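Peer 1: This is the structure, below, for whatever I ask next.
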Amino acid sequence: MRVCVVGAGGREHALAHVLARTADVVVTPGNPGTATSERTISTPAPPEEIEADLYVIGPEAPLVDGLADRLRADGRLVLGPGADGARLEGSKAWMKEVLGDAGVPTAAHRAFTAVEPALQHLATASPPYVVKTDGLAAGKGVLVTGSLAEAAADVEAKLSGRAFGPAGHRVVIEEGLTGEELSLLALCDGRRVLPLAPAQDFKRVGDGNTGPNTGGMGAYSPVPMAGPDVVDTVVERAVEPLLAALRRRGIDYRGVLYAGLMLTPEGPRVVEYNVRFGDPEAQVVLPRLVGDVAGLLAEAADGRLRSDATFTSDACVTVVLAAEGYPSTPRRGDKISGMDESSAVDGVVLFHAGTASDEAGRLVTAGGRVLDVTAMGSTLAQARQRAYEAASLVHWPGVHYRRDIAAAAAAATGPVAESRP
Ligand code: AMP
Ligand code: GLY
């Protein structure tokens, strides 16, 4: 089988890495990491011009833009929703409407296009205040704050278009939820939901969940607090009803539904839905998937998902190495060193997220999230230790990363030497 992966980040590198077990992979446009093996190549050619048996679309923007529809209209097999289903991620207000129809437990919300009514609503809310851009903002359009003044200023900045341009012309103000966060990615073939192993992502830039939101600074899987009962509950209450609600609207959803959840004292509640693999969740979920990943994704794309997903009991941890200035204004062009030493650490793979080759062929930073240092291990503690050892061996001016990825979960599940039951 030949699979075309669309995208250029760490998620797409991870996809290429696992798909290459059983398929030839061409990534468009890809990055320097996706062009390094015999079975995975990168090309700047647009997906429409690439011959493949299956197309897997990584990022949300081309999905919202209808790339899956265009490829399907040409008779190609695609994993990823059409523009109709991708609207779930393209408009938070629409997502909330569909979740409401489907009876999915989620934070109460209201959408606003004018400043005054939004401020009046905020004044009646209680902290934490949650203000979101309606449109796409690369994971950075969300403010969660205990300060009413900060929330009010954010409403004004978003609605004026100053902060996020047109994506902010409508804002969603939500009830603030508290609890542990969980990401559950599920493969869908239009009717059937196949949950993948849960993961936890770390959205804030700083240790202890401080600083601004990012696209995600690291992740791990499995998640000890999310056993099979949590997964079953989420599938039954949040994912299956959503897929059914989409079908009622005439939407044949074939792709990944990614439920971003908060495990509240009242049970799991949906914070958001995404229409694709999470980044960096894919980097820790996909490597744990046993067997023929290309075959499994092709089944979902073809509306005949029959196989089950089997996961190794080994754990996976990824630590995102970010560029100086990320998330506001990442610096590009810094020379990266230590890649070989780092990837030689047992169980470690370096997924490229924002790298480029300069004119002299040297690897340089080319985005906010630069590298995903990913390690497997028999326990979370072992995977974590390996990931951090490997992370310490990579250098460029201004590199920064969180030191607490998977720390609490690893401490809760036992030491490095002990194997998981
Ligand atoms: P989103 O882009 O919608 O996933 O939001 C980014 C992050 O903001 C989430 O991962 C949460 O940490 C936080 N967040 C979003 N919505 C809420 C909410 N209703 N209550 C508390 N935190 C939230
Ligand atoms: N890790 C968050 C996201 O993919 O949106």
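All residue names refer to the structure tokens as shown: chains lettered A, B, ... in order, residues numbered from 1 in each chain, ligands numbered from 1 in order.
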What lies within 6 Å of Leu305 (chain A) using only C-alpha atoms, ignoring chain neighbours under 3 positions off, as a VMD selection string?
Peer 2: chain A and resid 189 299 to 300
Peer 1: Write the residues of the selection above to a file with N, CA and C atoms, as a PDB file, in the first residue's frame.
Peer 2:
```
ATOM      1  N   ASP A 189     -15.684   5.425  11.147  1.00  0.00           N
ATOM      2  CA  ASP A 189     -15.875   5.068   9.735  1.00  0.00           C
ATOM      3  C   ASP A 189     -17.225   5.549   9.216  1.00  0.00           C
ATOM      4  N   GLU A 299      -9.357   0.947   6.619  1.00  0.00           N
ATOM      5  CA  GLU A 299     -10.701   0.427   6.934  1.00  0.00           C
ATOM      6  C   GLU A 299     -11.633   1.575   7.330  1.00  0.00           C
ATOM      7  N   ALA A 300     -11.152   2.457   8.190  1.00  0.00           N
ATOM      8  CA  ALA A 300     -11.998   3.573   8.639  1.00  0.00           C
ATOM      9  C   ALA A 300     -12.350   4.473   7.454  1.00  0.00           C
TER      10      ALA A 300
END
```
Peer 1: If you count only C-alpha atoms, which residues fall within 8 Å of region 159-175 of chain A, apart from same-chain ones fewer than 2 positions away, as a VMD selection string?
Peer 2: chain A and resid 92 to 93 107 to 115 118 122 125 to 126 128 to 137 141 155 to 157 177
Peer 1: Emit the selected residues as an mmCIF file, in the first residue's frame, including N, CA and C atoms.
Peer 2:
```
data_model
loop_
_atom_site.group_PDB
_atom_site.id
_atom_site.type_symbol
_atom_site.label_atom_id
_atom_site.label_comp_id
_atom_site.auth_asym_id
_atom_site.auth_seq_id
_atom_site.Cartn_x
_atom_site.Cartn_y
_atom_site.Cartn_z
ATOM 1 N N LYS A 92 -16.289 26.885 16.891
ATOM 2 C CA LYS A 92 -16.598 26.377 18.234
ATOM 3 C C LYS A 92 -18.076 26.556 18.543
ATOM 4 N N ALA A 93 -18.674 27.626 18.018
ATOM 5 C CA ALA A 93 -20.101 27.863 18.280
ATOM 6 C C ALA A 93 -20.940 26.738 17.657
ATOM 7 N N ALA A 107 -19.283 22.047 28.804
ATOM 8 C CA ALA A 107 -19.422 23.292 29.572
ATOM 9 C C ALA A 107 -20.538 24.151 28.983
ATOM 10 N N ALA A 108 -21.335 24.771 29.846
ATOM 11 C CA ALA A 108 -22.339 25.716 29.359
ATOM 12 C C ALA A 108 -21.617 26.861 28.648
ATOM 13 N N HIS A 109 -22.276 27.476 27.645
ATOM 14 C CA HIS A 109 -21.572 28.497 26.879
ATOM 15 C C HIS A 109 -22.566 29.471 26.258
ATOM 16 N N ARG A 110 -22.030 30.618 25.834
ATOM 17 C CA ARG A 110 -22.786 31.515 24.951
ATOM 18 C C ARG A 110 -21.829 32.144 23.954
ATOM 19 N N ALA A 111 -22.343 32.392 22.750
ATOM 20 C CA ALA A 111 -21.509 32.988 21.705
ATOM 21 C C ALA A 111 -21.901 34.450 21.518
ATOM 22 N N PHE A 112 -20.914 35.313 21.240
ATOM 23 C CA PHE A 112 -21.156 36.760 21.086
ATOM 24 C C PHE A 112 -20.379 37.314 19.900
ATOM 25 N N THR A 113 -21.004 38.295 19.227
ATOM 26 C CA THR A 113 -20.265 39.020 18.191
ATOM 27 C C THR A 113 -20.100 40.493 18.561
ATOM 28 N N ALA A 114 -20.772 40.931 19.634
ATOM 29 C CA ALA A 114 -20.659 42.337 20.053
ATOM 30 C C ALA A 114 -20.095 42.411 21.472
ATOM 31 N N VAL A 115 -19.324 43.461 21.726
ATOM 32 C CA VAL A 115 -18.583 43.571 22.988
ATOM 33 C C VAL A 115 -19.516 43.745 24.187
ATOM 34 N N ALA A 118 -21.336 40.720 25.547
ATOM 35 C CA ALA A 118 -20.345 39.753 26.037
ATOM 36 C C ALA A 118 -19.844 40.178 27.415
ATOM 37 N N LEU A 122 -20.166 38.249 30.994
ATOM 38 C CA LEU A 122 -18.993 37.941 31.833
ATOM 39 C C LEU A 122 -19.220 38.396 33.268
ATOM 40 N N ALA A 125 -20.889 35.888 35.262
ATOM 41 C CA ALA A 125 -20.265 34.561 35.355
ATOM 42 C C ALA A 125 -19.384 34.483 36.603
ATOM 43 N N SER A 126 -18.985 33.269 36.950
ATOM 44 C CA SER A 126 -18.022 33.160 38.049
ATOM 45 C C SER A 126 -16.722 32.543 37.533
ATOM 46 N N PRO A 128 -13.304 30.142 37.103
ATOM 47 C CA PRO A 128 -12.453 30.747 36.083
ATOM 48 C C PRO A 128 -13.257 31.168 34.850
ATOM 49 N N TYR A 129 -12.860 32.317 34.272
ATOM 50 C CA TYR A 129 -13.509 32.824 33.066
ATOM 51 C C TYR A 129 -12.820 32.200 31.850
ATOM 52 N N VAL A 130 -13.613 31.759 30.892
ATOM 53 C CA VAL A 130 -13.066 31.094 29.705
ATOM 54 C C VAL A 130 -13.570 31.827 28.465
ATOM 55 N N VAL A 131 -12.623 32.384 27.692
ATOM 56 C CA VAL A 131 -12.971 33.143 26.487
ATOM 57 C C VAL A 131 -12.262 32.507 25.292
ATOM 58 N N LYS A 132 -13.037 32.119 24.267
ATOM 59 C CA LYS A 132 -12.439 31.441 23.117
ATOM 60 C C LYS A 132 -12.756 32.168 21.821
ATOM 61 N N THR A 133 -11.801 32.139 20.885
ATOM 62 C CA THR A 133 -12.142 32.590 19.530
ATOM 63 C C THR A 133 -13.047 31.532 18.927
ATOM 64 N N ASP A 134 -13.987 31.950 18.101
ATOM 65 C CA ASP A 134 -14.853 30.971 17.439
ATOM 66 C C ASP A 134 -14.072 30.173 16.407
ATOM 67 N N GLY A 135 -13.222 30.828 15.659
ATOM 68 C CA GLY A 135 -12.516 30.181 14.535
ATOM 69 C C GLY A 135 -11.184 29.582 14.951
ATOM 70 N N LEU A 136 -10.451 29.068 13.956
ATOM 71 C CA LEU A 136 -9.183 28.381 14.213
ATOM 72 C C LEU A 136 -8.107 29.353 14.695
ATOM 73 N N ALA A 137 -7.359 28.935 15.726
ATOM 74 C CA ALA A 137 -6.288 29.796 16.231
ATOM 75 C C ALA A 137 -5.102 28.978 16.723
ATOM 76 N N GLY A 141 -6.186 30.303 20.885
ATOM 77 C CA GLY A 141 -7.273 31.266 20.976
ATOM 78 C C GLY A 141 -8.090 31.184 22.252
ATOM 79 N N VAL A 155 -11.870 39.719 25.578
ATOM 80 C CA VAL A 155 -13.081 39.794 24.750
ATOM 81 C C VAL A 155 -12.942 40.944 23.759
ATOM 82 N N GLU A 156 -12.491 42.091 24.255
ATOM 83 C CA GLU A 156 -12.366 43.264 23.383
ATOM 84 C C GLU A 156 -11.303 43.038 22.312
ATOM 85 N N ALA A 157 -10.163 42.461 22.732
ATOM 86 C CA ALA A 157 -9.074 42.235 21.760
ATOM 87 C C ALA A 157 -9.520 41.254 20.684
ATOM 88 N N LEU A 177 -14.443 24.840 33.757
ATOM 89 C CA LEU A 177 -14.462 23.503 34.356
ATOM 90 C C LEU A 177 -13.152 23.265 35.081
#
```
Peer 1: Using backbone DSSP assignments, extract all strand (DSSP E) residues from region 153-252 of chain A; output them as a short mmCIF file (atom, residue, chain, number, x, y, z; two decimals) with N, CA, C and O atoms, in the first residue's frame.
Peer 2:
```
data_model
loop_
_atom_site.label_atom_id
_atom_site.label_comp_id
_atom_site.auth_asym_id
_atom_site.auth_seq_id
_atom_site.Cartn_x
_atom_site.Cartn_y
_atom_site.Cartn_z
N VAL A 171 -16.85 35.34 19.67
CA VAL A 171 -16.21 34.67 20.80
C VAL A 171 -17.24 33.78 21.49
O VAL A 171 -18.44 34.03 21.46
N VAL A 172 -16.70 32.72 22.10
CA VAL A 172 -17.52 31.83 22.92
C VAL A 172 -17.05 32.00 24.36
O VAL A 172 -15.85 31.90 24.64
N ILE A 173 -17.99 32.32 25.23
CA ILE A 173 -17.67 32.42 26.66
C ILE A 173 -18.26 31.20 27.34
O ILE A 173 -19.44 30.89 27.18
N GLU A 174 -17.38 30.47 28.06
CA GLU A 174 -17.80 29.18 28.62
C GLU A 174 -17.74 29.16 30.13
O GLU A 174 -16.92 29.86 30.74
N GLU A 180 -8.80 17.00 35.92
CA GLU A 180 -7.69 16.55 35.07
C GLU A 180 -8.15 16.52 33.62
O GLU A 180 -9.29 16.16 33.33
N GLU A 181 -7.24 16.86 32.72
CA GLU A 181 -7.60 16.81 31.30
C GLU A 181 -7.20 15.49 30.68
O GLU A 181 -6.23 14.85 31.10
N LEU A 182 -7.97 15.08 29.69
CA LEU A 182 -7.72 13.82 29.02
C LEU A 182 -8.04 13.99 27.54
O LEU A 182 -9.02 14.65 27.20
N SER A 183 -7.23 13.39 26.68
CA SER A 183 -7.53 13.40 25.25
C SER A 183 -7.88 11.99 24.82
O SER A 183 -7.08 11.07 25.03
N LEU A 184 -9.06 11.82 24.25
CA LEU A 184 -9.43 10.52 23.71
C LEU A 184 -9.65 10.66 22.21
O LEU A 184 -10.56 11.37 21.77
N LEU A 185 -8.81 9.97 21.45
CA LEU A 185 -8.92 9.99 20.00
C LEU A 185 -9.65 8.73 19.57
O LEU A 185 -9.35 7.64 20.07
N ALA A 186 -10.60 8.88 18.67
CA ALA A 186 -11.34 7.71 18.20
C ALA A 186 -11.36 7.69 16.68
O ALA A 186 -11.57 8.73 16.04
N LEU A 187 -11.14 6.51 16.12
CA LEU A 187 -11.28 6.35 14.67
C LEU A 187 -12.75 6.14 14.37
O LEU A 187 -13.41 5.36 15.05
N CYS A 188 -13.25 6.79 13.32
CA CYS A 188 -14.65 6.65 12.95
C CYS A 188 -14.74 6.31 11.47
O CYS A 188 -14.01 6.88 10.66
N ASP A 189 -15.68 5.42 11.15
CA ASP A 189 -15.87 5.07 9.73
C ASP A 189 -17.23 5.55 9.22
O ASP A 189 -17.77 5.02 8.27
N VAL A 193 -17.38 3.63 16.10
CA VAL A 193 -16.37 4.39 16.84
C VAL A 193 -15.37 3.40 17.42
O VAL A 193 -15.76 2.47 18.13
N LEU A 194 -14.11 3.57 17.10
CA LEU A 194 -13.07 2.72 17.69
C LEU A 194 -12.12 3.61 18.51
O LEU A 194 -11.30 4.34 17.95
N PRO A 195 -12.27 3.57 19.84
CA PRO A 195 -11.42 4.44 20.65
C PRO A 195 -9.97 3.99 20.65
O PRO A 195 -9.69 2.79 20.68
N GLN A 200 -2.64 12.14 27.74
CA GLN A 200 -2.78 13.44 28.38
C GLN A 200 -1.77 14.39 27.76
O GLN A 200 -0.61 14.02 27.52
N ASP A 201 -2.26 15.60 27.48
CA ASP A 201 -1.46 16.63 26.82
C ASP A 201 -1.18 17.73 27.86
O ASP A 201 -1.93 17.86 28.83
N ARG A 204 -0.14 24.30 28.65
CA ARG A 204 0.53 25.57 29.00
C ARG A 204 2.03 25.46 28.75
O ARG A 204 2.62 24.39 28.87
N VAL A 205 2.66 26.60 28.53
CA VAL A 205 4.08 26.58 28.16
C VAL A 205 4.98 26.24 29.35
O VAL A 205 6.07 25.68 29.16
N GLY A 206 4.53 26.56 30.57
CA GLY A 206 5.45 26.44 31.71
C GLY A 206 5.13 25.29 32.65
O GLY A 206 3.99 24.82 32.72
N THR A 210 1.70 26.68 34.00
CA THR A 210 1.76 28.15 34.09
C THR A 210 2.04 28.72 32.70
O THR A 210 2.49 28.00 31.81
N GLY A 211 1.77 30.01 32.56
CA GLY A 211 2.05 30.70 31.30
C GLY A 211 0.95 30.48 30.28
O GLY A 211 -0.06 29.83 30.57
N PRO A 212 1.16 31.02 29.08
CA PRO A 212 0.10 30.96 28.06
C PRO A 212 -0.12 29.56 27.50
O PRO A 212 0.74 28.69 27.60
N ASN A 213 -1.29 29.38 26.87
CA ASN A 213 -1.59 28.13 26.17
C ASN A 213 -0.73 28.01 24.91
O ASN A 213 -0.39 29.00 24.27
N GLY A 218 3.81 18.52 25.41
CA GLY A 218 4.23 17.15 25.70
C GLY A 218 3.01 16.31 25.97
O GLY A 218 1.90 16.84 26.12
N ALA A 219 3.20 15.00 26.00
CA ALA A 219 2.05 14.10 26.21
C ALA A 219 2.57 12.76 26.66
O ALA A 219 3.77 12.45 26.52
N TYR A 220 1.64 11.96 27.20
CA TYR A 220 1.99 10.59 27.53
C TYR A 220 0.77 9.69 27.39
O TYR A 220 -0.37 10.15 27.40
N SER A 221 1.06 8.41 27.26
CA SER A 221 0.02 7.39 27.18
C SER A 221 0.68 6.08 27.64
O SER A 221 1.84 5.86 27.32
#
```
Peer 1: Hey, which residues sit close to ligand 2? Say within 12 Å, counting only C-alpha atoms and all ligand atoms, and write them as a CSV table (one decimal) with C-alpha atoms, in the first residue's frame.
Peer 2:
```csv
chain,number,residue,atom,x,y,z
A,9,GLY,CA,4.6,18.6,11.8
A,10,GLY,CA,5.5,16.1,14.5
A,11,ARG,CA,2.1,14.4,14.2
A,12,GLU,CA,2.7,13.8,10.5
A,58,GLY,CA,-3.1,15.6,9.5
A,59,PRO,CA,-3.9,19.3,10.3
A,60,GLU,CA,-7.3,20.9,10.7
A,61,ALA,CA,-6.9,23.8,8.2
A,89,GLU,CA,-13.3,22.3,14.7
A,136,LEU,CA,-9.2,28.4,14.2
A,137,ALA,CA,-6.3,29.8,16.2
A,138,ALA,CA,-3.7,27.0,16.4
A,139,GLY,CA,-4.7,26.1,19.9
A,140,LYS,CA,-3.9,29.6,21.2
A,141,GLY,CA,-7.3,31.3,21.0
A,142,VAL,CA,-8.3,30.3,24.5
A,181,GLU,CA,-7.6,16.8,31.3
A,182,LEU,CA,-7.7,13.8,29.0
A,183,SER,CA,-7.5,13.4,25.2
A,184,LEU,CA,-9.4,10.5,23.7
A,185,LEU,CA,-8.9,10.0,20.0
A,199,ALA,CA,-3.4,10.4,26.3
A,200,GLN,CA,-2.8,13.4,28.4
A,201,ASP,CA,-1.5,16.6,26.8
A,202,PHE,CA,0.2,19.6,28.6
A,203,LYS,CA,-1.2,22.8,27.0
A,204,ARG,CA,0.5,25.6,29.0
A,213,ASN,CA,-1.6,28.1,26.2
A,214,THR,CA,0.4,26.5,23.4
A,215,GLY,CA,-0.4,23.8,20.8
A,216,GLY,CA,0.8,21.3,23.4
A,217,MET,CA,4.2,20.9,25.2
A,218,GLY,CA,4.2,17.2,25.7
A,219,ALA,CA,2.1,14.1,26.2
A,220,TYR,CA,2.0,10.6,27.5
A,256,VAL,CA,-10.5,10.9,13.8
A,257,LEU,CA,-12.8,12.4,16.4
A,258,TYR,CA,-10.6,13.8,19.2
A,259,ALA,CA,-12.5,14.5,22.4
A,260,GLY,CA,-10.7,17.0,24.7
A,261,LEU,CA,-12.1,16.1,28.1
A,271,VAL,CA,-14.0,20.8,26.6
A,272,GLU,CA,-13.6,20.6,22.8
A,273,TYR,CA,-13.7,18.4,19.8
A,274,ASN,CA,-11.0,18.3,17.1
A,275,VAL,CA,-11.4,16.6,13.8
A,276,ARG,CA,-7.9,15.0,13.5
A,277,PHE,CA,-5.2,13.3,15.5
A,278,GLY,CA,-4.0,15.4,18.4
A,279,ASP,CA,-0.5,16.9,18.2
A,280,PRO,CA,1.4,15.8,20.3
A,281,GLU,CA,-1.1,13.1,21.4
A,282,ALA,CA,-0.5,11.2,18.1
A,283,GLN,CA,3.2,11.0,18.9
A,284,VAL,CA,2.5,8.9,22.0
A,285,VAL,CA,-0.7,7.0,21.0
A,318,THR,CA,6.9,12.8,24.3
A,320,VAL,CA,8.2,19.0,23.0
A,369,ARG,CA,7.4,23.5,18.4
```
Peer 1: Here is a test: counting only C-alpha atoms, which residue of A:Leu148, A:Val364, A:Val290, A:Val348 is nearest to Ala323 (chain A)?
Peer 2: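 Smallest separation from Ala323 (chain A) among the options: A:Val364.
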Peer 1: Provide the CA of Val349 (chain A) to CA of Arg386 (chain A) distance in Å, to one decimal place.
Peer 2: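 Pair CA of Val349 (chain A) / CA of Arg386 (chain A) returns 10.4 Å.
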